[in-house]
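Below you'll find the structure, written out as structure tokens, and then a few comments.
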Amino acid sequence: MRRRLSAIAAAGVAAILALGGGATANATSGSGANPDGGKGGKGLCAPGVPVGPEGEKFYDPPSPLPEGEHGDLIWARRVDAPDGARACRILYLSTLQTGTRVAVSGIVAWPDAPAPRSGRNVVAWAHGTVGGPRQCAPSAVPNPATDLVGYYTYDSPWGIDVGVPALTQFLDSGDVVVGTDYQGLGTPGVHQYTVAVTETNNVLDSVRAARQITDTHANHKAAVLGWSQGGGAAAFIAQNYKAYTPETNLVGIAALAPAANLGPDFRGLVLPGPTSPTSPSHNAALRVNVYRGFLAAYPELKAEDVLKPAGLEALRGDGVMCIEHLADVIQNNVGNVGQLDTLFQPLTVVPEVWHQRFRENTAGLVTSVAPILVMQGTADTVINPNSTDEYVKRACRFGKPVEYTKYQGATHQTIPNVAEPEYLGWIADRFAGRPAPSNCA
């Protein structure tokens, strides 16, 4: 989940349109057909990998989907990379929480140098909230393989965060880096925002997809770095990856301000955290985004049980606006006049069926099977530090390694930068096989 003060209207749409004219995909189910006619050219990602079409068509998978296992590549297309590296935009098979097969997009980058005999370790990036519509996919900008370009920087022309924190450092260390867009961002379908199994499947399958590009020389060791929405997904991956991708050797999970406490948060049981003049409207946009994701995943849920008529209008907006655009609309329409309560049914009247689903998507209720590093800013107005405290307390009950670091004065936007030395060193230590630290009380 991300907080920003203003949005660039339609920047997400411009991101995909900027990719260029859409070439028509010529792939057919199970045929392995190459949309570039097998010629490859400058779009060739690596030998043996089908080249995806240019532009928006890259994100339109063959219908029906090709046969294959979850994590199999559908196609890929080369994009610009940092010096000394190569990178591709990818489309691969994954699954929803129901087991339904879907196509998911993302990026992969790797060093353009000889690989060690043991292969390269994989760092999987799980990004934070960008919104609900397809056009908000981080991979859809012209050059997505870049160090994190935050929305709140003068360098960013985009209405979302783009790139991967410390990408060049990971590449310099010899790692492969892969980042999913998650289902419904880029590809068709309603994004199942904060639905844990869907998100974790998408992340884990991105690691499999990276291995299928033989030029990456990716081995079976992997670590996950997640931020906010992605931090919550990472926490769940620490719990369940062995059942879904048993071949992956997950050495650790690093979670920045993780959205891991939905159950208590949506019962109103957590002490208030830091706030700002615009954070209530932004958090209202996030709440609408959660409802939309759950409505897509769980057919027994009803929007009218959680949203008033004005909130149902906001729900429709969440289907066409990236998160900061939606937050600005909410601020302008109801936030400025103190009427955010016109959007939502009171938490006290929300039916128990909703709360059951929130609890299912709350991390730390079962033991982790991988070491965890949690990093939280004390001035975060998006992910309540008190919520992160609760998640860590739950995760610590099982006696597994959990390292928790609070960064005084760090915000939701600054935590990826201020915590960078810690997660870089922690992940490197996990790849090296060093014992994981833990500061559980």
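Each chain of the structure tokens is named A, B, ... in the order shown, its residues numbered from 1; ligands are numbered from 1 in display order.
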Give me the residues of stretch 121-180 of chain A that have any atom at most 10 Å from an atom of stretch 254-258 of chain A; for each, the nearest atom pair and the distance in Å, rounded to one decimal. Use only C-alpha atoms, sort by chain and number, and format it as CSV.
```
residue,atom,partner,partner_atom,distance
A:Trp125,CA,A:Ala254,CA,9.8
A:Ala126,CA,A:Ala255,CA,9.3
A:Gly128,CA,A:Pro258,CA,9.1
```
Report as CSV: every residue of stretch 235-334 of chain A with an atom at most 12 Å from stretch 391-410 of chain A, its closest pair of atoms, and their distance in Å to one decimal, counting only C-alpha atoms, with rows sorted by chain and ascending residue number.
```
residue,atom,partner,partner_atom,distance
A:Ala235,CA,A:Ala395,CA,9.3
A:Phe236,CA,A:Ala395,CA,10.8
A:Ala238,CA,A:Ala395,CA,10.3
A:Gln239,CA,A:Ala395,CA,10.0
A:Val251,CA,A:Pro401,CA,11.6
A:Gly252,CA,A:Pro401,CA,9.8
A:Ile253,CA,A:Val402,CA,9.6
A:Ala254,CA,A:Glu403,CA,9.4
A:Ala255,CA,A:Tyr404,CA,9.7
A:Leu256,CA,A:Thr405,CA,9.9
A:Ala257,CA,A:Lys406,CA,9.8
A:Pro258,CA,A:Tyr391,CA,8.9
A:Ala259,CA,A:Tyr391,CA,9.2
A:Ala260,CA,A:Tyr391,CA,6.4
A:Asn261,CA,A:Tyr391,CA,6.1
A:Leu262,CA,A:Tyr391,CA,9.8
A:Gly263,CA,A:Tyr391,CA,10.5
A:Pro264,CA,A:Tyr391,CA,9.8
A:Asp265,CA,A:Tyr391,CA,11.0
A:Val270,CA,A:Tyr391,CA,11.2
A:Pro274,CA,A:Gly409,CA,10.6
```
Preceding selection exported with N, CA and C atoms as a PDB file, in the first residue's frame:
```pdb
ATOM      1  N   ALA A 235       5.372 -11.899   3.511  1.00  0.00           N
ATOM      2  CA  ALA A 235       5.144 -12.574   4.792  1.00  0.00           C
ATOM      3  C   ALA A 235       4.408 -13.892   4.598  1.00  0.00           C
ATOM      4  N   PHE A 236       3.460 -13.916   3.671  1.00  0.00           N
ATOM      5  CA  PHE A 236       2.748 -15.165   3.394  1.00  0.00           C
ATOM      6  C   PHE A 236       3.632 -16.164   2.659  1.00  0.00           C
ATOM      7  N   ALA A 238       6.673 -16.637   3.166  1.00  0.00           N
ATOM      8  CA  ALA A 238       7.484 -17.271   4.207  1.00  0.00           C
ATOM      9  C   ALA A 238       6.749 -18.430   4.865  1.00  0.00           C
ATOM     10  N   GLN A 239       5.417 -18.441   4.753  1.00  0.00           N
ATOM     11  CA  GLN A 239       4.602 -19.467   5.392  1.00  0.00           C
ATOM     12  C   GLN A 239       4.262 -20.642   4.468  1.00  0.00           C
ATOM     13  N   VAL A 251      15.605 -18.729   0.910  1.00  0.00           N
ATOM     14  CA  VAL A 251      16.549 -18.505   2.006  1.00  0.00           C
ATOM     15  C   VAL A 251      16.094 -17.415   2.963  1.00  0.00           C
ATOM     16  N   GLY A 252      15.153 -16.557   2.541  1.00  0.00           N
ATOM     17  CA  GLY A 252      14.705 -15.509   3.444  1.00  0.00           C
ATOM     18  C   GLY A 252      13.729 -14.543   2.803  1.00  0.00           C
ATOM     19  N   ILE A 253      13.023 -13.830   3.675  1.00  0.00           N
ATOM     20  CA  ILE A 253      12.004 -12.845   3.296  1.00  0.00           C
ATOM     21  C   ILE A 253      12.353 -11.517   3.955  1.00  0.00           C
ATOM     22  N   ALA A 254      12.469 -10.461   3.150  1.00  0.00           N
ATOM     23  CA  ALA A 254      12.694  -9.114   3.676  1.00  0.00           C
ATOM     24  C   ALA A 254      11.462  -8.271   3.363  1.00  0.00           C
ATOM     25  N   ALA A 255      10.782  -7.791   4.399  1.00  0.00           N
ATOM     26  CA  ALA A 255       9.503  -7.099   4.228  1.00  0.00           C
ATOM     27  C   ALA A 255       9.607  -5.661   4.718  1.00  0.00           C
ATOM     28  N   LEU A 256       9.371  -4.727   3.826  1.00  0.00           N
ATOM     29  CA  LEU A 256       9.366  -3.296   4.139  1.00  0.00           C
ATOM     30  C   LEU A 256       7.936  -2.857   4.400  1.00  0.00           C
ATOM     31  N   ALA A 257       7.651  -2.378   5.616  1.00  0.00           N
ATOM     32  CA  ALA A 257       6.319  -1.875   5.965  1.00  0.00           C
ATOM     33  C   ALA A 257       5.221  -2.785   5.424  1.00  0.00           C
ATOM     34  N   PRO A 258       5.167  -4.035   5.883  1.00  0.00           N
ATOM     35  CA  PRO A 258       4.270  -5.016   5.257  1.00  0.00           C
ATOM     36  C   PRO A 258       2.801  -4.815   5.617  1.00  0.00           C
ATOM     37  N   ALA A 259       1.942  -4.999   4.620  1.00  0.00           N
ATOM     38  CA  ALA A 259       0.491  -5.008   4.837  1.00  0.00           C
ATOM     39  C   ALA A 259       0.106  -6.412   5.282  1.00  0.00           C
ATOM     40  N   ALA A 260       0.300  -6.700   6.564  1.00  0.00           N
ATOM     41  CA  ALA A 260       0.212  -8.072   7.064  1.00  0.00           C
ATOM     42  C   ALA A 260      -0.801  -8.252   8.178  1.00  0.00           C
ATOM     43  N   ASN A 261      -1.630  -7.242   8.430  1.00  0.00           N
ATOM     44  CA  ASN A 261      -2.467  -7.261   9.641  1.00  0.00           C
ATOM     45  C   ASN A 261      -3.931  -6.969   9.331  1.00  0.00           C
ATOM     46  N   LEU A 262      -4.433  -7.456   8.200  1.00  0.00           N
ATOM     47  CA  LEU A 262      -5.771  -7.068   7.753  1.00  0.00           C
ATOM     48  C   LEU A 262      -6.859  -7.390   8.763  1.00  0.00           C
ATOM     49  N   GLY A 263      -6.821  -8.576   9.380  1.00  0.00           N
ATOM     50  CA  GLY A 263      -7.893  -8.962  10.287  1.00  0.00           C
ATOM     51  C   GLY A 263      -8.116  -7.963  11.411  1.00  0.00           C
ATOM     52  N   PRO A 264      -7.107  -7.709  12.247  1.00  0.00           N
ATOM     53  CA  PRO A 264      -7.273  -6.711  13.314  1.00  0.00           C
ATOM     54  C   PRO A 264      -7.537  -5.303  12.775  1.00  0.00           C
ATOM     55  N   ASP A 265      -6.883  -4.936  11.666  1.00  0.00           N
ATOM     56  CA  ASP A 265      -7.089  -3.591  11.119  1.00  0.00           C
ATOM     57  C   ASP A 265      -8.544  -3.358  10.743  1.00  0.00           C
ATOM     58  N   VAL A 270      -6.748  -1.928  16.247  1.00  0.00           N
ATOM     59  CA  VAL A 270      -5.360  -1.492  16.342  1.00  0.00           C
ATOM     60  C   VAL A 270      -5.308  -0.023  16.755  1.00  0.00           C
ATOM     61  N   PRO A 274       0.551   7.216  13.029  1.00  0.00           N
ATOM     62  CA  PRO A 274       0.794   8.565  12.516  1.00  0.00           C
ATOM     63  C   PRO A 274      -0.210   8.950  11.437  1.00  0.00           C
TER      64      PRO A 274
END
```
Could you tell me, as a ChimeraX atom specification, which residues of stretch 284-382 of chain A DSSP assigns to strand (DSSP E or B) when given the backbone?
/A:307,322,344,372-377
Shell around stretch 102-112 of chain A at 8 Å using only C-alpha atoms, local window under 2 positions removed, as an MDAnalysis selection string:
chainID A and resid 59 61 65 81 84:96 100 114 138:139 144:145 171:172 174:187 202 206 210 216
So, counting only C-alpha atoms, which residue among A:Pro62, A:Ala233, A:Thr348, A:Asn240 is closest to A:Val366?
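Of the candidates, the smallest distance to A:Val366 is held by A:Asn240.
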List the spatial neighbours of A:Ala284 as a VMD selection string - criterion: any atom at most 9 Å away, only C-alpha atoms, same-chain residues fewer than 5 positions off excluded.
chain A and resid 279 289 327 330 340 343 to 344
Using DSSP on the backbone coordinates, identify all residues within stretch 142-339 of chain A classified as alpha helix (DSSP H); present the result as a PyMOL selection string.
chain A and resi 167-172+196-212+229-244+262-266+279-297+309-318+323-330
Coordinates-based distance that separates atom CA of A:Ala218 from atom CA of A:Thr200 (Å, one decimal)
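According to the coordinates, atom CA of A:Thr200 and atom CA of A:Ala218 are separated by 19.6 Å.
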Judged by only C-alpha atoms, the minimum distance to A:Pro280 among A:Asn201, A:Asn336, A:Asn361, A:Thr367 is found for A:Asn336
Please list as a PDB file with N, CA, C and O atoms, in the first residue's frame every residue within 10 Å of A:Pro416, counting only C-alpha atoms and excluding residues in the same chain fewer than 6 positions away.
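Result saved to selection.pdb:
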```pdb
ATOM      1  N   LEU A 148      14.642   1.867  -8.118  1.00  0.00           N
ATOM      2  CA  LEU A 148      13.338   2.439  -7.761  1.00  0.00           C
ATOM      3  C   LEU A 148      13.274   3.936  -8.060  1.00  0.00           C
ATOM      4  O   LEU A 148      14.122   4.711  -7.612  1.00  0.00           O
ATOM      5  N   GLY A 150      10.743   6.617  -7.199  1.00  0.00           N
ATOM      6  CA  GLY A 150       9.562   6.848  -6.388  1.00  0.00           C
ATOM      7  C   GLY A 150       8.670   7.920  -6.972  1.00  0.00           C
ATOM      8  O   GLY A 150       9.136   8.856  -7.629  1.00  0.00           O
ATOM      9  N   VAL A 164      12.916  -1.271  -9.083  1.00  0.00           N
ATOM     10  CA  VAL A 164      13.217  -2.171  -7.970  1.00  0.00           C
ATOM     11  C   VAL A 164      14.235  -1.510  -7.063  1.00  0.00           C
ATOM     12  O   VAL A 164      15.282  -1.059  -7.542  1.00  0.00           O
ATOM     13  N   PRO A 165      13.991  -1.438  -5.755  1.00  0.00           N
ATOM     14  CA  PRO A 165      15.000  -0.878  -4.858  1.00  0.00           C
ATOM     15  C   PRO A 165      16.315  -1.650  -4.955  1.00  0.00           C
ATOM     16  O   PRO A 165      16.308  -2.888  -4.971  1.00  0.00           O
ATOM     17  N   ALA A 166      17.416  -0.931  -5.061  1.00  0.00           N
ATOM     18  CA  ALA A 166      18.754  -1.529  -5.073  1.00  0.00           C
ATOM     19  C   ALA A 166      18.948  -2.503  -6.229  1.00  0.00           C
ATOM     20  O   ALA A 166      19.762  -3.422  -6.132  1.00  0.00           O
ATOM     21  N   GLY A 226       9.881  -7.433  -0.374  1.00  0.00           N
ATOM     22  CA  GLY A 226       8.555  -6.879  -0.625  1.00  0.00           C
ATOM     23  C   GLY A 226       8.333  -5.591   0.135  1.00  0.00           C
ATOM     24  O   GLY A 226       8.873  -5.399   1.228  1.00  0.00           O
ATOM     25  N   TRP A 227       7.510  -4.740  -0.436  1.00  0.00           N
ATOM     26  CA  TRP A 227       7.229  -3.429   0.165  1.00  0.00           C
ATOM     27  C   TRP A 227       5.721  -3.235   0.243  1.00  0.00           C
ATOM     28  O   TRP A 227       5.014  -3.347  -0.763  1.00  0.00           O
ATOM     29  N   ALA A 255      10.782  -7.791   4.399  1.00  0.00           N
ATOM     30  CA  ALA A 255       9.503  -7.099   4.228  1.00  0.00           C
ATOM     31  C   ALA A 255       9.607  -5.661   4.718  1.00  0.00           C
ATOM     32  O   ALA A 255       9.890  -5.413   5.895  1.00  0.00           O
ATOM     33  N   LEU A 256       9.371  -4.727   3.826  1.00  0.00           N
ATOM     34  CA  LEU A 256       9.366  -3.296   4.139  1.00  0.00           C
ATOM     35  C   LEU A 256       7.936  -2.857   4.400  1.00  0.00           C
ATOM     36  O   LEU A 256       7.076  -2.972   3.520  1.00  0.00           O
ATOM     37  N   ALA A 257       7.651  -2.378   5.616  1.00  0.00           N
ATOM     38  CA  ALA A 257       6.319  -1.875   5.965  1.00  0.00           C
ATOM     39  C   ALA A 257       5.221  -2.785   5.424  1.00  0.00           C
ATOM     40  O   ALA A 257       4.410  -2.386   4.589  1.00  0.00           O
ATOM     41  N   MET A 375      11.133  -4.393   8.345  1.00  0.00           N
ATOM     42  CA  MET A 375      11.640  -3.026   8.497  1.00  0.00           C
ATOM     43  C   MET A 375      10.459  -2.060   8.438  1.00  0.00           C
ATOM     44  O   MET A 375       9.686  -2.097   7.478  1.00  0.00           O
ATOM     45  N   GLN A 376      10.330  -1.208   9.448  1.00  0.00           N
ATOM     46  CA  GLN A 376       9.158  -0.339   9.572  1.00  0.00           C
ATOM     47  C   GLN A 376       9.578   1.052  10.007  1.00  0.00           C
ATOM     48  O   GLN A 376      10.337   1.215  10.960  1.00  0.00           O
ATOM     49  N   GLY A 377       9.083   2.075   9.298  1.00  0.00           N
ATOM     50  CA  GLY A 377       9.315   3.449   9.708  1.00  0.00           C
ATOM     51  C   GLY A 377       8.327   3.873  10.774  1.00  0.00           C
ATOM     52  O   GLY A 377       7.140   3.535  10.706  1.00  0.00           O
ATOM     53  N   ALA A 410      11.353   7.473   9.748  1.00  0.00           N
ATOM     54  CA  ALA A 410      11.190   7.026   8.361  1.00  0.00           C
ATOM     55  C   ALA A 410       9.709   6.940   8.011  1.00  0.00           C
ATOM     56  O   ALA A 410       8.880   6.543   8.828  1.00  0.00           O
ATOM     57  N   TYR A 423      18.744  -4.511   4.289  1.00  0.00           N
ATOM     58  CA  TYR A 423      18.219  -5.653   3.532  1.00  0.00           C
ATOM     59  C   TYR A 423      19.227  -6.174   2.519  1.00  0.00           C
ATOM     60  O   TYR A 423      19.248  -7.372   2.224  1.00  0.00           O
TER      61      TYR A 423
END
```
I want to know what sits within 10 Å of A:Pro351, based on only C-alpha atoms, with residues of the same chain fewer than 6 positions away left out; could you give that as a PyMOL selection string?
chain A and resi 301-302+305-306
Writer output for current selection, all heavy atoms, as a CSV table (one decimal), in the first residue's frame:
```
chain,number,residue,atom,x,y,z
A,301,LEU,N,-19.1,-12.4,-1.1
A,301,LEU,CA,-19.1,-11.1,-0.5
A,301,LEU,C,-19.9,-10.1,-1.3
A,301,LEU,O,-20.0,-10.3,-2.6
A,301,LEU,CB,-17.6,-10.6,-0.4
A,301,LEU,CG,-16.7,-11.5,0.4
A,301,LEU,CD1,-15.3,-10.8,0.4
A,301,LEU,CD2,-17.2,-11.7,1.8
A,302,LYS,N,-20.5,-9.2,-0.7
A,302,LYS,CA,-21.4,-8.2,-1.3
A,302,LYS,C,-20.8,-6.8,-1.0
A,302,LYS,O,-20.6,-6.4,0.2
A,302,LYS,CB,-22.8,-8.3,-0.8
A,302,LYS,CG,-23.5,-9.6,-1.2
A,302,LYS,CD,-24.9,-9.6,-0.7
A,302,LYS,CE,-25.7,-10.9,-1.2
A,302,LYS,NZ,-25.0,-12.1,-0.8
A,305,ASP,N,-22.5,-4.4,1.6
A,305,ASP,CA,-22.3,-4.7,3.0
A,305,ASP,C,-21.1,-3.9,3.6
A,305,ASP,O,-21.0,-3.7,4.9
A,305,ASP,CB,-21.9,-6.2,3.2
A,305,ASP,CG,-23.2,-7.1,3.1
A,305,ASP,OD1,-24.3,-6.6,3.2
A,305,ASP,OD2,-23.0,-8.3,2.8
A,306,VAL,N,-20.3,-3.3,2.8
A,306,VAL,CA,-19.1,-2.5,3.3
A,306,VAL,C,-19.1,-1.1,2.8
A,306,VAL,O,-18.4,-0.3,3.3
A,306,VAL,CB,-17.8,-3.2,3.0
A,306,VAL,CG1,-17.7,-4.6,3.7
A,306,VAL,CG2,-17.6,-3.5,1.5
```
Record the distance separating atom CA of A:Ala363 and atom CA of A:Gly232, expressed in Å with one decimal.
7.2 Å
